[in-house]
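upload_30.cif (mmCIF, C-alpha atoms) appears below.
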```cif
data_input
#
loop_
_atom_site.label_atom_id
_atom_site.label_comp_id
_atom_site.auth_asym_id
_atom_site.auth_seq_id
_atom_site.Cartn_x
_atom_site.Cartn_y
_atom_site.Cartn_z
CA MET A 2 120.05 60.60 79.70
CA ILE A 3 120.57 61.47 76.02
CA ARG A 4 122.15 58.48 74.28
CA SER A 5 120.77 58.70 70.74
CA LEU A 6 119.68 61.18 68.11
CA ASN A 7 116.05 60.34 68.87
CA ASP A 8 116.66 61.13 72.55
CA LEU A 9 118.20 64.47 71.57
CA ILE A 10 115.36 65.34 69.20
CA GLU A 11 112.83 64.54 71.92
CA ARG A 12 114.69 66.76 74.41
CA LEU A 13 114.93 69.61 71.90
CA LEU A 14 111.18 69.43 71.32
CA GLN A 15 110.67 69.93 75.06
CA THR A 16 113.34 72.63 75.47
CA THR A 17 112.21 76.16 76.25
CA THR A 18 115.36 77.38 78.01
CA ALA A 19 119.07 76.61 77.75
CA GLU A 20 118.86 75.04 81.21
CA ASP A 21 116.31 72.50 79.90
CA LEU A 22 118.92 71.20 77.49
CA PHE A 23 122.21 71.49 79.36
CA GLY A 24 121.02 71.16 82.94
CA VAL A 25 123.02 72.13 86.02
CA LEU A 26 126.59 73.25 85.33
CA ASP A 27 129.69 72.98 87.47
CA GLY A 28 129.75 76.17 89.51
CA ARG A 29 133.56 76.35 89.54
CA ASP A 30 133.80 76.82 85.77
CA GLY A 31 130.40 77.04 84.18
CA MET A 32 131.68 77.79 80.69
CA GLU A 33 133.95 74.73 80.63
CA SER A 34 131.17 72.56 82.04
CA LEU A 35 128.85 73.82 79.31
CA ARG A 36 131.50 73.15 76.66
CA ARG A 37 131.83 69.51 77.76
CA LYS A 38 128.08 68.97 77.68
CA TYR A 39 127.80 70.62 74.29
CA ARG A 40 130.53 68.43 72.82
CA ALA A 41 128.83 65.27 74.10
CA LEU A 42 125.50 66.31 72.57
CA ALA A 43 127.17 67.42 69.33
CA LEU A 44 128.66 63.93 69.02
CA VAL A 45 125.19 62.41 69.42
CA ALA A 46 123.90 64.65 66.61
CA HIS A 47 126.81 64.03 64.21
CA PRO A 48 125.54 62.72 60.82
CA ASP A 49 128.37 60.14 60.66
CA TYR A 50 126.85 58.39 63.67
CA ASN A 51 123.32 58.54 62.27
CA PRO A 52 123.25 56.93 58.82
CA GLY A 53 119.97 57.46 57.05
CA GLN A 54 119.04 60.38 59.34
CA TRP A 55 121.21 63.05 57.79
CA ALA A 56 118.49 65.75 57.61
CA ALA A 57 117.25 65.11 61.14
CA ALA A 58 120.81 65.09 62.51
CA ASN A 59 121.64 68.41 60.83
CA GLU A 60 118.49 70.06 62.14
CA ALA A 61 119.18 68.80 65.66
CA PHE A 62 122.75 70.10 65.43
CA ARG A 63 121.52 73.51 64.25
CA GLN A 64 119.15 73.82 67.22
CA LEU A 65 121.87 72.58 69.57
CA GLN A 66 124.19 75.35 68.36
CA GLU A 67 121.49 77.98 68.92
CA TRP A 68 120.88 76.85 72.49
CA TYR A 69 124.62 76.66 73.10
CA ALA A 70 124.95 80.32 72.09
CA VAL A 71 122.07 81.25 74.41
CA ALA A 72 123.70 79.35 77.29
CA GLN A 73 127.03 81.10 76.69
CA GLN A 74 125.33 84.51 76.78
CA LYS A 75 123.55 83.64 80.02
CA ILE A 76 126.76 82.48 81.67
CA SER A 77 128.54 85.66 80.58
CA ALA A 78 125.67 87.73 82.00
CA GLY A 79 125.72 85.74 85.25
CA VAL A 80 122.10 84.60 84.91
CA TYR A 81 122.43 80.94 83.90
CA GLY A 82 120.16 78.88 86.14
CA GLN A 83 118.14 81.88 87.27
CA PRO A 84 114.39 81.99 86.60
CA GLU A 85 113.05 84.50 84.12
CA ARG A 86 111.36 87.49 85.72
CA ILE A 87 109.98 88.83 82.47
CA ARG A 88 109.81 87.86 78.81
CA VAL A 89 108.00 90.15 76.40
CA MET A 90 107.99 90.60 72.66
CA SER A 91 107.61 93.75 70.63
CA GLY A 92 107.34 93.86 66.88
CA SER A 93 111.13 93.93 66.57
CA ALA A 94 112.68 92.16 69.58
CA THR A 95 112.27 89.67 72.42
CA TYR A 96 113.23 91.05 75.82
CA VAL A 97 114.20 88.72 78.66
CA GLY A 98 115.03 89.74 82.22
CA TYR A 99 116.21 87.71 85.21
CA GLN A 100 116.58 90.34 87.92
CA ALA A 101 113.91 91.55 90.31
CA PRO A 102 112.41 94.84 89.13
CA TRP A 103 113.08 98.23 90.67
CA VAL A 104 109.97 100.04 91.81
CA GLY A 105 109.38 103.44 90.22
CA ASP A 106 106.65 106.04 90.66
CA LEU A 107 104.50 104.79 87.82
CA GLY A 108 105.83 101.36 86.97
CA ASP A 109 108.28 98.55 87.52
CA LEU A 110 111.70 98.69 85.87
CA TYR A 111 113.13 95.36 84.73
CA PRO A 112 116.80 95.02 83.72
CA ALA A 113 116.71 92.85 80.60
CA HIS A 114 118.55 91.93 77.41
CA ALA A 115 117.66 91.71 73.74
CA ASP A 116 120.17 90.42 71.19
CA GLY A 117 122.97 90.93 73.69
CA VAL A 118 122.04 94.57 74.39
CA ALA A 119 121.34 95.57 78.01
CA VAL A 120 118.03 97.41 78.29
CA LEU A 121 115.61 98.60 80.93
CA LEU A 122 111.93 97.69 80.53
CA LYS A 123 109.73 100.31 82.14
CA VAL A 124 106.36 98.59 82.57
CA ALA A 125 103.39 100.73 83.59
CA ARG A 126 101.88 99.50 86.84
CA SER A 127 98.42 100.55 85.73
CA PRO A 128 96.76 101.21 82.37
CA ARG A 129 95.83 104.62 83.80
CA SER A 130 99.50 105.63 83.54
CA SER A 131 99.61 105.15 79.78
CA ASP A 132 99.36 108.87 79.02
CA LEU A 133 102.38 109.62 81.23
CA MET A 134 104.36 106.77 79.69
CA GLN A 135 103.49 108.15 76.25
CA ALA A 136 104.70 111.59 77.34
CA GLU A 137 108.08 110.06 78.17
CA ALA A 138 108.22 108.26 74.83
CA ARG A 139 107.44 111.48 72.94
CA ALA A 140 110.00 113.52 74.86
CA LEU A 141 112.79 110.97 74.53
CA SER A 142 112.05 110.37 70.85
CA ARG A 143 112.41 114.08 70.20
CA LEU A 144 115.60 114.34 72.26
CA ASN A 145 117.03 111.34 70.39
CA GLN A 146 116.24 112.97 67.07
CA GLU A 147 117.29 116.54 67.86
CA LEU A 148 120.51 115.73 69.74
CA HIS A 149 121.90 112.97 67.56
CA ASP A 150 125.73 112.95 67.69
CA GLN A 151 125.86 116.01 69.98
CA PRO A 152 127.98 115.71 73.17
CA VAL A 153 125.08 116.92 75.33
CA ARG A 154 123.16 113.81 74.21
CA ALA A 155 125.00 111.93 76.99
CA HIS A 156 122.83 113.68 79.61
CA PHE A 157 119.64 111.93 78.46
CA PRO A 158 118.39 108.32 78.40
CA VAL A 159 118.69 106.38 75.15
CA TYR A 160 115.16 105.49 74.03
CA ARG A 161 114.66 102.32 72.02
CA GLU A 162 110.93 101.74 71.51
CA SER A 163 107.50 101.49 73.15
CA PHE A 164 104.79 98.86 72.89
CA ARG A 165 101.89 97.39 74.85
CA MET A 166 101.90 94.06 76.67
CA ARG A 167 99.04 92.07 78.14
CA ASP A 168 99.49 91.14 81.79
CA ALA A 169 98.22 88.03 83.62
CA ALA A 170 94.89 89.74 84.30
CA GLY A 171 94.44 90.54 80.61
CA LEU A 172 95.09 94.27 81.02
CA GLN A 173 97.08 96.20 78.42
CA ARG A 174 100.12 97.88 79.94
CA MET A 175 102.53 100.26 78.26
CA VAL A 176 106.23 99.37 78.08
CA ASN A 177 109.00 101.88 77.37
CA VAL A 178 112.36 100.35 76.46
CA LEU A 179 115.51 102.26 77.39
CA HIS A 180 119.17 101.35 77.23
CA GLN A 181 120.67 100.53 80.62
CA GLU A 182 123.09 103.11 81.97
CA ALA A 183 126.15 101.30 83.34
CA ASP A 184 127.97 102.18 86.57
CA THR A 185 125.54 104.88 87.63
CA PHE A 186 123.92 105.92 90.91
CA SER A 187 120.84 108.02 91.49
CA LEU A 188 121.18 111.15 93.57
CA ALA A 189 118.80 109.46 96.01
CA GLU A 190 121.51 106.84 96.54
CA VAL A 191 124.14 109.56 96.88
CA LEU A 192 122.08 111.29 99.57
CA ARG A 193 121.64 108.03 101.47
CA ARG A 194 125.41 107.46 101.44
CA TYR A 195 126.16 111.11 102.34
CA PRO A 196 123.35 112.03 104.77
CA LYS A 197 125.18 115.17 105.95
CA GLY A 198 125.68 116.45 102.40
CA LEU A 199 128.55 116.70 99.95
CA HIS A 200 131.52 119.00 99.66
CA PRO A 201 130.36 121.95 97.50
CA ALA A 202 132.95 121.06 94.84
CA ASP A 203 131.41 117.58 94.49
CA ALA A 204 127.84 118.85 94.44
CA ALA A 205 128.92 121.46 91.89
CA TRP A 206 129.55 119.12 88.97
CA MET A 207 126.28 117.30 89.64
CA PHE A 208 124.39 120.61 89.54
CA ASN A 209 126.30 121.55 86.39
CA ARG A 210 125.08 118.40 84.63
CA MET A 211 121.49 119.04 85.68
CA LEU A 212 121.63 122.59 84.35
CA ALA A 213 123.20 121.52 81.04
CA ALA A 214 120.50 118.89 80.51
CA LEU A 215 117.72 121.30 81.44
CA ALA A 216 119.05 124.12 79.28
CA THR A 217 119.15 121.74 76.33
CA SER A 218 115.63 120.40 76.83
CA HIS A 219 114.26 123.89 77.47
CA SER A 220 115.70 125.03 74.15
CA LEU A 221 113.42 122.41 72.58
CA GLY A 222 110.39 123.64 74.51
CA LEU A 223 110.37 120.69 76.93
CA VAL A 224 109.92 120.97 80.69
CA HIS A 225 111.01 117.86 82.61
CA GLY A 226 108.67 118.49 85.51
CA ALA A 227 110.19 116.20 88.15
CA ILE A 228 113.79 117.09 89.05
CA VAL A 229 113.99 114.95 92.20
CA PRO A 230 116.79 112.75 93.60
CA ASP A 231 115.46 109.54 92.04
CA HIS A 232 115.43 111.08 88.56
CA VAL A 233 119.07 112.15 88.24
CA LEU A 234 121.81 109.58 87.66
CA ILE A 235 125.52 110.26 88.03
CA ARG A 236 128.47 108.24 86.79
CA PRO A 237 131.44 108.91 89.11
CA ALA A 238 134.00 107.54 86.65
CA ASP A 239 133.48 110.30 84.08
CA HIS A 240 131.32 112.80 86.04
CA ASN A 241 128.42 112.40 83.64
CA GLY A 242 124.90 113.18 84.77
CA ILE A 243 121.76 111.74 83.18
CA LEU A 244 118.27 113.15 83.60
CA ILE A 245 115.83 110.22 83.63
CA ASP A 246 112.07 109.62 83.99
CA TRP A 247 110.46 111.93 81.49
CA CYS A 248 106.93 110.71 82.27
CA TYR A 249 106.04 114.02 83.90
CA SER A 250 107.38 116.13 81.03
CA VAL A 251 105.21 118.68 79.25
CA ASN A 252 105.60 121.33 76.61
CA SER A 253 106.55 124.67 78.11
CA GLY A 254 103.45 126.66 79.04
CA THR A 255 101.44 123.54 79.93
CA PRO A 256 100.48 122.51 83.48
CA ILE A 257 102.19 119.40 84.85
CA LYS A 258 99.68 116.54 85.04
CA ALA A 259 101.12 114.56 87.96
CA ILE A 260 103.80 114.75 90.62
CA SER A 261 106.18 112.30 92.27
CA PRO A 262 104.38 111.68 95.59
CA ALA A 263 107.53 111.06 97.65
CA TYR A 264 108.80 114.55 96.77
CA ALA A 265 105.59 116.57 96.89
CA ASP A 266 107.25 119.27 99.03
CA ASP A 267 109.95 119.88 96.43
CA TYR A 268 107.63 121.28 93.75
CA PRO A 269 107.27 125.03 93.16
CA PRO A 270 103.94 126.77 93.83
CA GLU A 271 102.87 126.89 90.17
CA VAL A 272 102.77 123.08 90.00
CA THR A 273 100.50 122.60 93.00
CA ALA A 274 98.34 125.46 91.68
CA ARG A 275 98.13 123.65 88.31
CA GLN A 276 99.47 126.70 86.51
CA ALA A 277 101.69 126.65 83.44
CA ALA A 278 105.09 125.00 83.85
CA THR A 279 108.09 126.76 82.34
CA ALA A 280 111.87 126.56 82.44
CA ALA A 281 111.64 128.32 85.81
CA THR A 282 109.78 125.28 87.18
CA ASP A 283 112.68 122.94 86.45
CA ILE A 284 115.23 125.49 87.67
CA PHE A 285 113.41 125.72 91.02
CA MET A 286 113.45 121.94 91.47
CA ALA A 287 117.10 121.61 90.40
CA ALA A 288 118.08 124.29 92.93
CA ARG A 289 116.06 122.54 95.62
CA LEU A 290 117.92 119.31 94.83
CA MET A 291 121.25 121.15 94.98
CA VAL A 292 120.29 122.36 98.46
CA ARG A 293 119.80 118.72 99.47
CA LEU A 294 123.19 117.76 98.04
CA LEU A 295 124.83 120.48 100.12
CA GLY A 296 123.19 119.15 103.27
CA GLY A 297 120.39 121.71 103.52
CA GLN A 298 116.74 121.09 104.33
CA ALA A 299 113.38 122.48 103.27
CA GLY A 300 114.97 124.52 100.51
CA GLN A 301 117.38 126.27 102.88
CA PRO A 302 121.10 125.88 102.06
CA PRO A 303 123.26 125.09 105.09
CA ALA A 304 125.20 127.90 106.75
CA SER A 305 128.43 126.40 105.41
CA THR A 306 127.41 127.07 101.79
CA PRO A 307 129.71 129.63 100.12
CA LYS A 308 127.86 132.95 99.93
CA PRO A 309 127.89 133.29 96.11
CA ILE A 310 126.39 129.79 95.71
CA HIS A 311 123.84 130.54 98.44
CA ALA A 312 122.76 133.72 96.65
CA LEU A 313 122.41 131.97 93.29
CA LEU A 314 120.28 129.20 94.78
CA ARG A 315 118.02 131.67 96.56
CA ALA A 316 117.41 133.46 93.25
CA CYS A 317 116.39 130.12 91.73
CA LEU A 318 114.01 129.38 94.62
CA ILE A 319 111.88 132.54 94.53
CA PRO A 320 108.25 131.34 94.86
CA ALA A 321 106.89 133.58 92.08
CA PRO A 322 107.97 132.03 88.76
CA ALA A 323 107.99 135.39 86.97
CA ARG A 324 110.66 136.66 89.40
CA ARG A 325 112.66 133.44 89.38
CA HIS A 326 115.56 132.61 87.05
CA GLN A 327 114.13 131.60 83.66
CA ASP A 328 117.23 130.69 81.64
CA ALA A 329 119.14 127.53 82.61
CA TRP A 330 122.02 128.45 80.29
CA GLN A 331 122.45 131.75 82.14
CA VAL A 332 122.27 130.01 85.52
CA LEU A 333 124.91 127.56 84.31
CA ASP A 334 127.19 130.37 83.11
CA ASP A 335 126.75 132.26 86.39
CA PHE A 336 127.41 129.12 88.41
CA ARG A 337 130.58 128.32 86.47
CA ALA A 338 131.83 131.86 87.05
CA ILE A 339 131.19 131.44 90.78
CA LEU A 340 133.07 128.13 90.82
CA ALA A 341 136.03 129.69 89.03
CA GLU A 342 136.11 132.47 91.61
CA LEU A 343 135.86 130.05 94.54
CA TYR A 344 138.00 127.13 93.38
CA GLY A 345 140.00 128.28 90.37
CA PRO A 346 140.15 126.56 86.95
CA PRO A 347 138.07 123.36 86.57
CA THR A 348 139.83 120.15 87.59
CA PHE A 349 138.61 116.57 87.78
CA ARG A 350 137.83 115.83 91.42
CA PRO A 351 137.37 112.06 91.98
CA PHE A 352 134.07 111.15 93.60
CA ARG A 353 133.57 107.82 95.35
CA MET A 354 130.47 106.18 96.72
CA PRO A 355 131.20 104.76 100.20
#
```

Turn this file's structure into structure tokens for me.
Amino acid sequence: MIRSLNDLIERLLQTTTAEDLFGVLDGRDGMESLRRKYRALALVAHPDYNPGQWAAANEAFRQLQEWYAVAQQKISAGVYGQPERIRVMSGSATYVGYQAPWVGDLGDLYPAHADGVAVLLKVARSPRSSDLMQAEARALSRLNQELHDQPVRAHFPVYRESFRMRDAAGLQRMVNVLHQEADTFSLAEVLRRYPKGLHPADAAWMFNRMLAALATSHSLGLVHGAIVPDHVLIRPADHNGILIDWCYSVNSGTPIKAISPAYADDYPPEVTARQAATAATDIFMAARLMVRLLGGQAGQPPASTPKPIHALLRACLIPAPARRHQDAWQVLDDFRAILAELYGPPTFRPFRMP
């Protein structure tokens, strides 16, 4: 029980989280419960009630205000009272996360916050993955720089920084920090919700976004190298598509160093043969993913696929890269012309996740 300034100072010295200071809050209205506790502690720290301890009272009140602000942020984020899952510091920020991580190919992804900004901490699972994490950092840094203020920028993750952290075993692990993308779903989630495939008009805008992102990155000499369901996000509200996980990216003309094991069958022959990756490599994988969205299997579009779309996809899936489509902009233009012929002028078709 905090009854005096000395009690408060002692508690502040022991405080490492807002919960240490304010304790359990009323679940019905946590913010109001916090406000009442703050007011009681502020009264204890008031200089008028602590003659001769003006400096100590002011310092206690300053710290109390800081913890109050932290508690308010945690309540707003819905994480007050939850244990920290991760806390790491870079040279410029402290990142704190309370949610269990998502498991990726190469690392664990922790939703976190820094200075009120929602971020995603991509922590390498092994030091051996550092080169792939660095490849992502290089690719995203270049995309950030080259596409600043361009509308197509929305199709790529927002990269914040990279640094190394030391884990409990003393190993150095690479961390890439990305902004969280709100209200999005991966195409892997879409496929789980729609196991029989999507209407071609719904799959169409998703394929459009993939092609626009690829055409843009290819113009910069970058090959993504892993266009698989887990690496494409969609936002149904505005039909945006975001191409994530650039760890496998390489400069055009360079072999891809690693593959996503769960999707080994979706890579074109040049990848498994460790030959040079080009724009045609990404186009093959995007077309293969489009086949999945339409309900096809093993790279074969379903019989219900409109013939012009079927023909375009087959041209993107030719095994020999030299005979395959090489220009994502041209594929996008051809695909849009096909859509106009099949469905008329573009219209916004609402898409809902069941």

As lines of an AutoDock Vina configuration file, please: the centre and edge lengths in Å, to one decimal, of an axis-aligned box enclosing every listed atom of stretch 198-205 of chain A with 3 Å added on each side.
```
center_x = 129.3
center_y = 119.2
center_z = 97.1
size_x = 13.3
size_y = 11.5
size_z = 16.5
```

Do a neighbour search on A:Glu182 at 12 Å with only C-alpha atoms, toss out local chain neighbours closer than 5 positions, and write the hits as number ranges by chain.
A: 112, 118-121, 155-160, 187, 233-236, 241-245

Please write the residues picked by the PyMOL selection byres ((chain A and resi 87) around 8) on this file as a PyMOL selection string.
chain A and resi 85-86+88-89+96-99+111

Could you take the residues named above and write them with C-alpha atoms, as an mmCIF file, keeping the file's coordinate frame?
```cif
data_model
loop_
_atom_site.group_PDB
_atom_site.id
_atom_site.type_symbol
_atom_site.label_atom_id
_atom_site.label_comp_id
_atom_site.auth_asym_id
_atom_site.auth_seq_id
_atom_site.Cartn_x
_atom_site.Cartn_y
_atom_site.Cartn_z
ATOM 1 C CA GLU A 85 113.050 84.500 84.120
ATOM 2 C CA ARG A 86 111.360 87.490 85.720
ATOM 3 C CA ARG A 88 109.810 87.860 78.810
ATOM 4 C CA VAL A 89 108.000 90.150 76.400
ATOM 5 C CA TYR A 96 113.230 91.050 75.820
ATOM 6 C CA VAL A 97 114.200 88.720 78.660
ATOM 7 C CA GLY A 98 115.030 89.740 82.220
ATOM 8 C CA TYR A 99 116.210 87.710 85.210
ATOM 9 C CA TYR A 111 113.130 95.360 84.730
#
```

Name the residues that the PyMOL selection byres ((chain A and resi 45) around 7) picks from the file above, as number ranges by chain, using the file's chain letters and numbers.
A: 4-6, 41-44, 46-47

Please determine, counting all atoms listed in the file, which residue among A:Tyr264, A:Val104, A:Thr95, A:Pro128 has the shortest atom-to-atom distance to A:Asp116.
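Using all atoms listed in the file, A:Asp116 sits closest to A:Thr95.
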
Would you kindly place N, CA and C atoms on stretch 202-238 of chain A and return the model as an mmCIF file, keeping the file's coordinate frame?
```cif
data_model
loop_
_atom_site.group_PDB
_atom_site.id
_atom_site.type_symbol
_atom_site.label_atom_id
_atom_site.label_comp_id
_atom_site.auth_asym_id
_atom_site.auth_seq_id
_atom_site.Cartn_x
_atom_site.Cartn_y
_atom_site.Cartn_z
ATOM 1 N N ALA A 202 132.288 121.338 96.123
ATOM 2 C CA ALA A 202 132.950 121.060 94.840
ATOM 3 C C ALA A 202 132.435 119.777 94.212
ATOM 4 N N ASP A 203 131.994 118.809 95.031
ATOM 5 C CA ASP A 203 131.410 117.580 94.490
ATOM 6 C C ASP A 203 129.982 117.834 94.012
ATOM 7 N N ALA A 204 129.207 118.529 94.840
ATOM 8 C CA ALA A 204 127.840 118.850 94.440
ATOM 9 C C ALA A 204 127.818 119.722 93.191
ATOM 10 N N ALA A 205 128.882 120.499 92.991
ATOM 11 C CA ALA A 205 128.920 121.460 91.890
ATOM 12 C C ALA A 205 128.814 120.790 90.530
ATOM 13 N N TRP A 206 129.604 119.724 90.301
ATOM 14 C CA TRP A 206 129.550 119.120 88.970
ATOM 15 C C TRP A 206 128.214 118.420 88.730
ATOM 16 N N MET A 207 127.598 117.932 89.792
ATOM 17 C CA MET A 207 126.280 117.300 89.640
ATOM 18 C C MET A 207 125.235 118.348 89.252
ATOM 19 N N PHE A 208 125.302 119.514 89.886
ATOM 20 C CA PHE A 208 124.390 120.610 89.540
ATOM 21 C C PHE A 208 124.668 121.099 88.127
ATOM 22 N N ASN A 209 125.932 121.169 87.760
ATOM 23 C CA ASN A 209 126.300 121.550 86.390
ATOM 24 C C ASN A 209 125.622 120.664 85.362
ATOM 25 N N ARG A 210 125.663 119.339 85.599
ATOM 26 C CA ARG A 210 125.080 118.400 84.630
ATOM 27 C C ARG A 210 123.569 118.575 84.547
ATOM 28 N N MET A 211 122.938 118.789 85.694
ATOM 29 C CA MET A 211 121.490 119.040 85.680
ATOM 30 C C MET A 211 121.168 120.267 84.849
ATOM 31 N N LEU A 212 121.908 121.341 85.073
ATOM 32 C CA LEU A 212 121.630 122.590 84.350
ATOM 33 C C LEU A 212 121.867 122.434 82.855
ATOM 34 N N ALA A 213 122.927 121.719 82.470
ATOM 35 C CA ALA A 213 123.200 121.520 81.040
ATOM 36 C C ALA A 213 122.075 120.733 80.382
ATOM 37 N N ALA A 214 121.594 119.684 81.067
ATOM 38 C CA ALA A 214 120.500 118.890 80.510
ATOM 39 C C ALA A 214 119.221 119.723 80.414
ATOM 40 N N LEU A 215 118.934 120.491 81.455
ATOM 41 C CA LEU A 215 117.720 121.300 81.440
ATOM 42 C C LEU A 215 117.790 122.402 80.390
ATOM 43 N N ALA A 216 118.918 123.064 80.287
ATOM 44 C CA ALA A 216 119.050 124.120 79.280
ATOM 45 C C ALA A 216 118.814 123.568 77.885
ATOM 46 N N THR A 217 119.324 122.364 77.644
ATOM 47 C CA THR A 217 119.150 121.740 76.330
ATOM 48 C C THR A 217 117.690 121.404 76.070
ATOM 49 N N SER A 218 117.038 120.771 77.035
ATOM 50 C CA SER A 218 115.630 120.400 76.830
ATOM 51 C C SER A 218 114.742 121.637 76.758
ATOM 52 N N HIS A 219 115.059 122.657 77.531
ATOM 53 C CA HIS A 219 114.260 123.890 77.470
ATOM 54 C C HIS A 219 114.374 124.556 76.103
ATOM 55 N N SER A 220 115.539 124.440 75.484
ATOM 56 C CA SER A 220 115.700 125.030 74.150
ATOM 57 C C SER A 220 114.803 124.349 73.123
ATOM 58 N N LEU A 221 114.342 123.135 73.449
ATOM 59 C CA LEU A 221 113.420 122.410 72.580
ATOM 60 C C LEU A 221 111.969 122.564 73.024
ATOM 61 N N GLY A 222 111.752 123.409 74.034
ATOM 62 C CA GLY A 222 110.390 123.640 74.510
ATOM 63 C C GLY A 222 109.878 122.583 75.462
ATOM 64 N N LEU A 223 110.774 121.766 76.032
ATOM 65 C CA LEU A 223 110.370 120.690 76.930
ATOM 66 C C LEU A 223 110.682 121.042 78.380
ATOM 67 N N VAL A 224 109.727 120.832 79.249
ATOM 68 C CA VAL A 224 109.920 120.970 80.690
ATOM 69 C C VAL A 224 109.903 119.561 81.279
ATOM 70 N N HIS A 225 110.928 119.208 82.043
ATOM 71 C CA HIS A 225 111.010 117.860 82.610
ATOM 72 C C HIS A 225 109.920 117.623 83.641
ATOM 73 N N GLY A 226 109.781 118.540 84.580
ATOM 74 C CA GLY A 226 108.670 118.490 85.510
ATOM 75 C C GLY A 226 108.846 117.659 86.756
ATOM 76 N N ALA A 227 110.013 117.034 86.952
ATOM 77 C CA ALA A 227 110.190 116.200 88.150
ATOM 78 C C ALA A 227 111.667 116.036 88.472
ATOM 79 N N ILE A 228 112.355 117.139 88.726
ATOM 80 C CA ILE A 228 113.790 117.090 89.050
ATOM 81 C C ILE A 228 113.921 116.741 90.530
ATOM 82 N N VAL A 229 113.908 115.454 90.824
ATOM 83 C CA VAL A 229 113.990 114.950 92.200
ATOM 84 C C VAL A 229 115.140 113.955 92.279
ATOM 85 N N PRO A 230 115.590 113.597 93.481
ATOM 86 C CA PRO A 230 116.790 112.750 93.600
ATOM 87 C C PRO A 230 116.731 111.435 92.837
ATOM 88 N N ASP A 231 115.566 110.820 92.745
ATOM 89 C CA ASP A 231 115.460 109.540 92.040
ATOM 90 C C ASP A 231 115.611 109.679 90.528
ATOM 91 N N HIS A 232 115.482 110.883 90.010
ATOM 92 C CA HIS A 232 115.430 111.080 88.560
ATOM 93 C C HIS A 232 116.710 111.654 87.970
ATOM 94 N N VAL A 233 117.765 111.703 88.752
ATOM 95 C CA VAL A 233 119.070 112.150 88.240
ATOM 96 C C VAL A 233 120.091 111.069 88.545
ATOM 97 N N LEU A 234 120.739 110.564 87.495
ATOM 98 C CA LEU A 234 121.810 109.580 87.660
ATOM 99 C C LEU A 234 123.155 110.273 87.493
ATOM 100 N N ILE A 235 124.142 109.792 88.240
ATOM 101 C CA ILE A 235 125.520 110.260 88.030
ATOM 102 C C ILE A 235 126.412 109.054 87.785
ATOM 103 N N ARG A 236 127.457 109.275 87.005
ATOM 104 C CA ARG A 236 128.470 108.240 86.790
ATOM 105 C C ARG A 236 129.791 108.794 87.330
ATOM 106 N N PRO A 237 130.225 108.350 88.509
ATOM 107 C CA PRO A 237 131.440 108.910 89.110
ATOM 108 C C PRO A 237 132.674 108.810 88.232
ATOM 109 N N ALA A 238 132.778 107.756 87.431
ATOM 110 C CA ALA A 238 134.000 107.540 86.650
ATOM 111 C C ALA A 238 134.289 108.678 85.694
#
```
